[in-house]
Amino acid sequence: MYGWDLEPLDRIESTFAVQMHIQNQLRRNPIDLNEVIALPPDQDPAIWQYEQLRAICLDLNYLVVIMAPECTPSSCPEMRAGEWQYLCAAHPSPQTCPAIDYIVHTLDGATALLNSSKYFPSRISILDSSMKHFQSIARRLYRIFAHAWFHHRDKFDEFENESRLYGRFILFTTHHFKLIPDKLISIPA
């Protein structure tokens with residue numbers, strides 16, 4: 001589709017090598033999720049997780065755009081996923097938000113955190129103290145998928161059939177890196 005040769009990760013000489021590799025993998029074969037998610041040999045697992053989360057945040061915005069016309073403050077006045085209700089952490093104290101606001105706040109917060117020079121001052125090494133943020137980001141992003149699945153299933157299915165983002169996310173966060181405990185997964189397999 002893009003017409004350029006894909007360089008192996010060890011041949012990409014750039015601060016953005018891991019990001020470029022992930023995007024190349026997605027372009028080359030977006031259906032082979034294991035290949036997109038699998039940690040390459042000699043790759044720092046912390047950097048791999050960081051870059052995967054950045055890519056997922058970026059791609060998740062497309063689902064939000066698809067859902068936005070029907071996920072409104074009047075149709076979804078609370079952030080719910082089935083029986084679960086989530087409070088928005090973007091406020092001084094957690095509070096109820098319309099689902100679309102919660103989703104935007106969550107993506108904005110995750111993006112801001114992943115781009116924070118305080119917690120992630122480098123794209124080539126991750127501070128041990130910053131690794132703790134990966135689980136929290138993954139849990140919060142999962143809630144967006146869960147809301148879409150339970151309350152906007154047709155939009156979720158349309159998006160997933162084209163992007164495979166939820167499949168990629170679940171494989172990454174529950175199988176490869178255990179960022180989300182299985183007990184918090186409410187979307188049936």
# chains A, B, ... in the order shown; residues from 1 in each chain; ligands from 1
$ residues_around --residues "range 110-121 of chain A" --least-positions-apart "5" --cutoff "10 Å" --atoms "only C-alpha atoms" --output "mmCIF file with N, CA and C atoms, in the first residue's frame"
data_model
loop_
_atom_site.group_PDB
_atom_site.id
_atom_site.type_symbol
_atom_site.label_atom_id
_atom_site.label_comp_id
_atom_site.auth_asym_id
_atom_site.auth_seq_id
_atom_site.Cartn_x
_atom_site.Cartn_y
_atom_site.Cartn_z
ATOM 1 N N TYR A 50 5.910 1.370 26.268
ATOM 2 C CA TYR A 50 5.674 2.804 26.134
ATOM 3 C C TYR A 50 5.202 3.149 24.717
ATOM 4 N N GLU A 51 5.923 2.671 23.730
ATOM 5 C CA GLU A 51 5.581 2.989 22.342
ATOM 6 C C GLU A 51 4.284 2.320 21.896
ATOM 7 N N LEU A 53 1.713 1.734 23.891
ATOM 8 C CA LEU A 53 0.643 2.538 24.498
ATOM 9 C C LEU A 53 0.443 3.852 23.740
ATOM 10 N N ARG A 54 1.522 4.465 23.315
ATOM 11 C CA ARG A 54 1.406 5.700 22.526
ATOM 12 C C ARG A 54 0.640 5.430 21.222
ATOM 13 N N CYS A 57 -3.112 4.813 21.958
ATOM 14 C CA CYS A 57 -3.815 6.083 22.220
ATOM 15 C C CYS A 57 -4.123 6.812 20.919
ATOM 16 N N LEU A 58 -3.151 6.873 20.065
ATOM 17 C CA LEU A 58 -3.330 7.556 18.781
ATOM 18 C C LEU A 58 -4.454 6.900 17.976
ATOM 19 N N VAL A 104 -12.783 11.484 26.259
ATOM 20 C CA VAL A 104 -11.853 12.522 25.808
ATOM 21 C C VAL A 104 -10.870 12.869 26.923
ATOM 22 N N HIS A 105 -11.376 13.000 28.154
ATOM 23 C CA HIS A 105 -10.489 13.290 29.290
ATOM 24 C C HIS A 105 -9.450 12.174 29.464
ATOM 25 N N ILE A 126 13.374 4.330 29.719
ATOM 26 C CA ILE A 126 12.234 4.637 30.582
ATOM 27 C C ILE A 126 12.685 4.519 32.029
ATOM 28 N N LEU A 127 12.347 5.525 32.806
ATOM 29 C CA LEU A 127 12.661 5.492 34.237
ATOM 30 C C LEU A 127 11.874 4.366 34.910
ATOM 31 N N ASP A 128 12.512 3.639 35.812
ATOM 32 C CA ASP A 128 11.806 2.576 36.539
ATOM 33 C C ASP A 128 10.571 3.122 37.249
ATOM 34 N N SER A 129 10.693 4.314 37.807
ATOM 35 C CA SER A 129 9.576 4.914 38.536
ATOM 36 C C SER A 129 8.393 5.264 37.626
ATOM 37 N N SER A 130 8.609 5.355 36.341
ATOM 38 C CA SER A 130 7.539 5.701 35.398
ATOM 39 C C SER A 130 6.772 4.484 34.893
ATOM 40 N N MET A 131 7.340 3.323 35.080
ATOM 41 C CA MET A 131 6.690 2.082 34.607
ATOM 42 C C MET A 131 5.326 1.874 35.271
ATOM 43 N N HIS A 133 2.955 3.754 35.636
ATOM 44 C CA HIS A 133 1.872 4.424 34.920
ATOM 45 C C HIS A 133 1.263 3.552 33.820
ATOM 46 N N PHE A 134 2.002 2.577 33.334
ATOM 47 C CA PHE A 134 1.504 1.751 32.230
ATOM 48 C C PHE A 134 0.211 1.018 32.593
ATOM 49 N N SER A 136 -2.066 1.767 34.895
ATOM 50 C CA SER A 136 -3.169 2.714 35.045
ATOM 51 C C SER A 136 -3.675 3.189 33.684
ATOM 52 N N ILE A 137 -2.763 3.520 32.798
ATOM 53 C CA ILE A 137 -3.157 3.946 31.453
ATOM 54 C C ILE A 137 -3.924 2.825 30.751
ATOM 55 N N ALA A 138 -3.408 1.611 30.811
ATOM 56 C CA ALA A 138 -4.058 0.479 30.140
ATOM 57 C C ALA A 138 -5.464 0.240 30.700
ATOM 58 N N ARG A 140 -7.490 2.359 32.142
ATOM 59 C CA ARG A 140 -8.392 3.448 31.739
ATOM 60 C C ARG A 140 -8.747 3.369 30.251
ATOM 61 N N LEU A 141 -7.781 3.026 29.421
ATOM 62 C CA LEU A 141 -8.080 2.873 27.994
ATOM 63 C C LEU A 141 -9.040 1.718 27.759
#
$ residues_around --residues "Ile22 in chain A" --least-positions-apart "5" --cutoff "9 Å" --atoms "only C-alpha atoms" --output "number ranges by chain"
A: 17, 27, 36-37, 51-52, 55
$ select_by_dssp --residues "range 14-188 of chain A" --states "strand (DSSP E)" --output "number ranges by chain"
A: 79-81, 84-86
$ write_last_selection --atoms "C-alpha atoms" --output "PDB file, in the first residue's frame"
ATOM      1  CA  MET A  79     -19.424   6.506  31.727  1.00  0.00           C
ATOM      2  CA  ARG A  80     -20.710   2.967  31.889  1.00  0.00           C
ATOM      3  CA  ALA A  81     -19.739  -0.412  30.552  1.00  0.00           C
ATOM      4  CA  TRP A  84     -19.864  -0.899  35.703  1.00  0.00           C
ATOM      5  CA  GLN A  85     -19.857   2.847  36.209  1.00  0.00           C
ATOM      6  CA  TYR A  86     -16.595   4.793  36.092  1.00  0.00           C
TER       7      TYR A  86
END
$ atom_distance --atom1 "CA of Ile47 in chain A" --atom2 "CA of Ile31 in chain A"
22.9 Å
$ residues_around --residues "Ala146 in chain A" --least-positions-apart "5" --cutoff "12 Å" --atoms "only C-alpha atoms" --output "mmCIF file with N, CA, C and O atoms, in the first residue's frame"
data_model
loop_
_atom_site.group_PDB
_atom_site.id
_atom_site.type_symbol
_atom_site.label_atom_id
_atom_site.label_comp_id
_atom_site.auth_asym_id
_atom_site.auth_seq_id
_atom_site.Cartn_x
_atom_site.Cartn_y
_atom_site.Cartn_z
ATOM 1 N N LEU A 63 -11.774 5.597 16.971
ATOM 2 C CA LEU A 63 -13.011 5.023 17.512
ATOM 3 C C LEU A 63 -13.876 6.126 18.117
ATOM 4 O O LEU A 63 -15.095 6.133 17.944
ATOM 5 N N MET A 79 -20.354 7.453 32.348
ATOM 6 C CA MET A 79 -19.424 6.506 31.727
ATOM 7 C C MET A 79 -19.719 5.133 32.298
ATOM 8 O O MET A 79 -19.429 4.858 33.471
ATOM 9 N N ARG A 80 -20.335 4.314 31.478
ATOM 10 C CA ARG A 80 -20.710 2.967 31.889
ATOM 11 C C ARG A 80 -20.196 1.952 30.880
ATOM 12 O O ARG A 80 -20.016 2.255 29.714
ATOM 13 N N ALA A 81 -20.043 0.739 31.392
ATOM 14 C CA ALA A 81 -19.739 -0.412 30.552
ATOM 15 C C ALA A 81 -20.511 -1.566 31.165
ATOM 16 O O ALA A 81 -20.084 -2.144 32.166
ATOM 17 N N GLY A 82 -21.679 -1.837 30.610
ATOM 18 C CA GLY A 82 -22.545 -2.832 31.226
ATOM 19 C C GLY A 82 -22.988 -2.328 32.595
ATOM 20 O O GLY A 82 -23.499 -1.218 32.731
ATOM 21 N N GLU A 83 -22.737 -3.117 33.632
ATOM 22 C CA GLU A 83 -23.128 -2.738 34.993
ATOM 23 C C GLU A 83 -22.111 -1.816 35.662
ATOM 24 O O GLU A 83 -22.396 -1.224 36.698
ATOM 25 N N TRP A 84 -20.916 -1.713 35.106
ATOM 26 C CA TRP A 84 -19.864 -0.899 35.703
ATOM 27 C C TRP A 84 -20.100 0.573 35.405
ATOM 28 O O TRP A 84 -20.450 0.943 34.288
ATOM 29 N N GLN A 85 -19.867 1.409 36.413
ATOM 30 C CA GLN A 85 -19.857 2.847 36.209
ATOM 31 C C GLN A 85 -18.483 3.358 36.625
ATOM 32 O O GLN A 85 -17.936 2.934 37.642
ATOM 33 N N TYR A 86 -17.934 4.271 35.829
ATOM 34 C CA TYR A 86 -16.595 4.793 36.092
ATOM 35 C C TYR A 86 -16.669 6.286 36.383
ATOM 36 O O TYR A 86 -17.392 7.016 35.711
ATOM 37 N N ALA A 99 -20.194 10.056 29.186
ATOM 38 C CA ALA A 99 -19.229 9.094 28.641
ATOM 39 C C ALA A 99 -18.269 9.736 27.648
ATOM 40 O O ALA A 99 -17.064 9.506 27.713
ATOM 41 N N ILE A 103 -14.257 9.846 28.040
ATOM 42 C CA ILE A 103 -13.389 9.255 27.017
ATOM 43 C C ILE A 103 -12.344 10.270 26.548
ATOM 44 O O ILE A 103 -11.154 9.957 26.463
ATOM 45 N N ARG A 139 -5.617 0.268 32.010
ATOM 46 C CA ARG A 139 -6.938 0.070 32.632
ATOM 47 C C ARG A 139 -7.927 1.125 32.157
ATOM 48 O O ARG A 139 -9.069 0.826 31.819
ATOM 49 N N ARG A 140 -7.490 2.359 32.142
ATOM 50 C CA ARG A 140 -8.392 3.448 31.739
ATOM 51 C C ARG A 140 -8.747 3.369 30.251
ATOM 52 O O ARG A 140 -9.889 3.625 29.866
ATOM 53 N N LEU A 141 -7.781 3.026 29.421
ATOM 54 C CA LEU A 141 -8.080 2.873 27.994
ATOM 55 C C LEU A 141 -9.040 1.718 27.759
ATOM 56 O O LEU A 141 -9.920 1.792 26.885
ATOM 57 N N HIS A 151 -22.287 -0.304 24.748
ATOM 58 C CA HIS A 151 -23.286 0.728 24.470
ATOM 59 C C HIS A 151 -23.312 1.219 23.026
ATOM 60 O O HIS A 151 -24.256 1.918 22.644
ATOM 61 N N HIS A 152 -22.321 0.883 22.253
ATOM 62 C CA HIS A 152 -22.255 1.305 20.841
ATOM 63 C C HIS A 152 -21.678 0.144 20.025
ATOM 64 O O HIS A 152 -20.714 0.306 19.286
ATOM 65 N N ARG A 153 -22.284 -1.002 20.187
ATOM 66 C CA ARG A 153 -21.726 -2.243 19.642
ATOM 67 C C ARG A 153 -21.524 -2.197 18.138
ATOM 68 O O ARG A 153 -20.511 -2.676 17.622
ATOM 69 N N PHE A 156 -18.440 -0.201 17.562
ATOM 70 C CA PHE A 156 -17.291 -0.984 18.021
ATOM 71 C C PHE A 156 -16.929 -2.037 16.968
ATOM 72 O O PHE A 156 -15.770 -2.164 16.572
ATOM 73 N N ASP A 157 -17.933 -2.803 16.532
ATOM 74 C CA ASP A 157 -17.683 -3.871 15.554
ATOM 75 C C ASP A 157 -17.165 -3.318 14.233
ATOM 76 O O ASP A 157 -16.235 -3.879 13.645
ATOM 77 N N TYR A 166 -8.808 -3.329 19.214
ATOM 78 C CA TYR A 166 -9.133 -3.967 20.484
ATOM 79 C C TYR A 166 -8.392 -5.298 20.614
ATOM 80 O O TYR A 166 -7.840 -5.603 21.666
ATOM 81 N N PHE A 169 -4.899 -4.446 21.467
ATOM 82 C CA PHE A 169 -4.843 -3.927 22.833
ATOM 83 C C PHE A 169 -4.917 -5.063 23.857
ATOM 84 O O PHE A 169 -4.116 -5.133 24.785
ATOM 85 N N ILE A 170 -5.873 -5.972 23.680
ATOM 86 C CA ILE A 170 -6.045 -7.074 24.634
ATOM 87 C C ILE A 170 -4.847 -8.009 24.603
ATOM 88 O O ILE A 170 -4.350 -8.432 25.649
ATOM 89 N N LEU A 184 -10.655 -7.826 35.426
ATOM 90 C CA LEU A 184 -11.176 -6.516 35.029
ATOM 91 C C LEU A 184 -11.669 -6.484 33.587
ATOM 92 O O LEU A 184 -12.168 -5.473 33.136
ATOM 93 N N ILE A 185 -11.526 -7.594 32.881
ATOM 94 C CA ILE A 185 -11.964 -7.665 31.482
ATOM 95 C C ILE A 185 -13.425 -8.086 31.459
ATOM 96 O O ILE A 185 -13.779 -9.187 31.870
ATOM 97 N N SER A 186 -14.272 -7.193 30.975
ATOM 98 C CA SER A 186 -15.721 -7.475 30.969
ATOM 99 C C SER A 186 -16.257 -7.794 29.584
ATOM 100 O O SER A 186 -17.380 -8.280 29.464
ATOM 101 N N ILE A 187 -15.517 -7.516 28.545
ATOM 102 C CA ILE A 187 -15.938 -7.859 27.186
ATOM 103 C C ILE A 187 -15.683 -9.346 26.974
ATOM 104 O O ILE A 187 -14.553 -9.791 27.139
ATOM 105 N N PRO A 188 -16.718 -10.113 26.637
ATOM 106 C CA PRO A 188 -16.509 -11.548 26.432
ATOM 107 C C PRO A 188 -15.495 -11.830 25.323
ATOM 108 O O PRO A 188 -15.420 -11.090 24.340
#
$ closest_residue --among "A:Gln49, A:Ser125, A:Thr72, A:Asn34" --to "Arg168 in chain A" --atoms "only C-alpha atoms"
A:Asn34
$ select_by_dssp --residues "range 3-174 of chain A" --states "helix (DSSP H, G or I)" --output "number ranges by chain"
A: 9-11, 17-28, 33-37, 45-67, 99-114, 128-130, 132-151, 153-163, 165-174
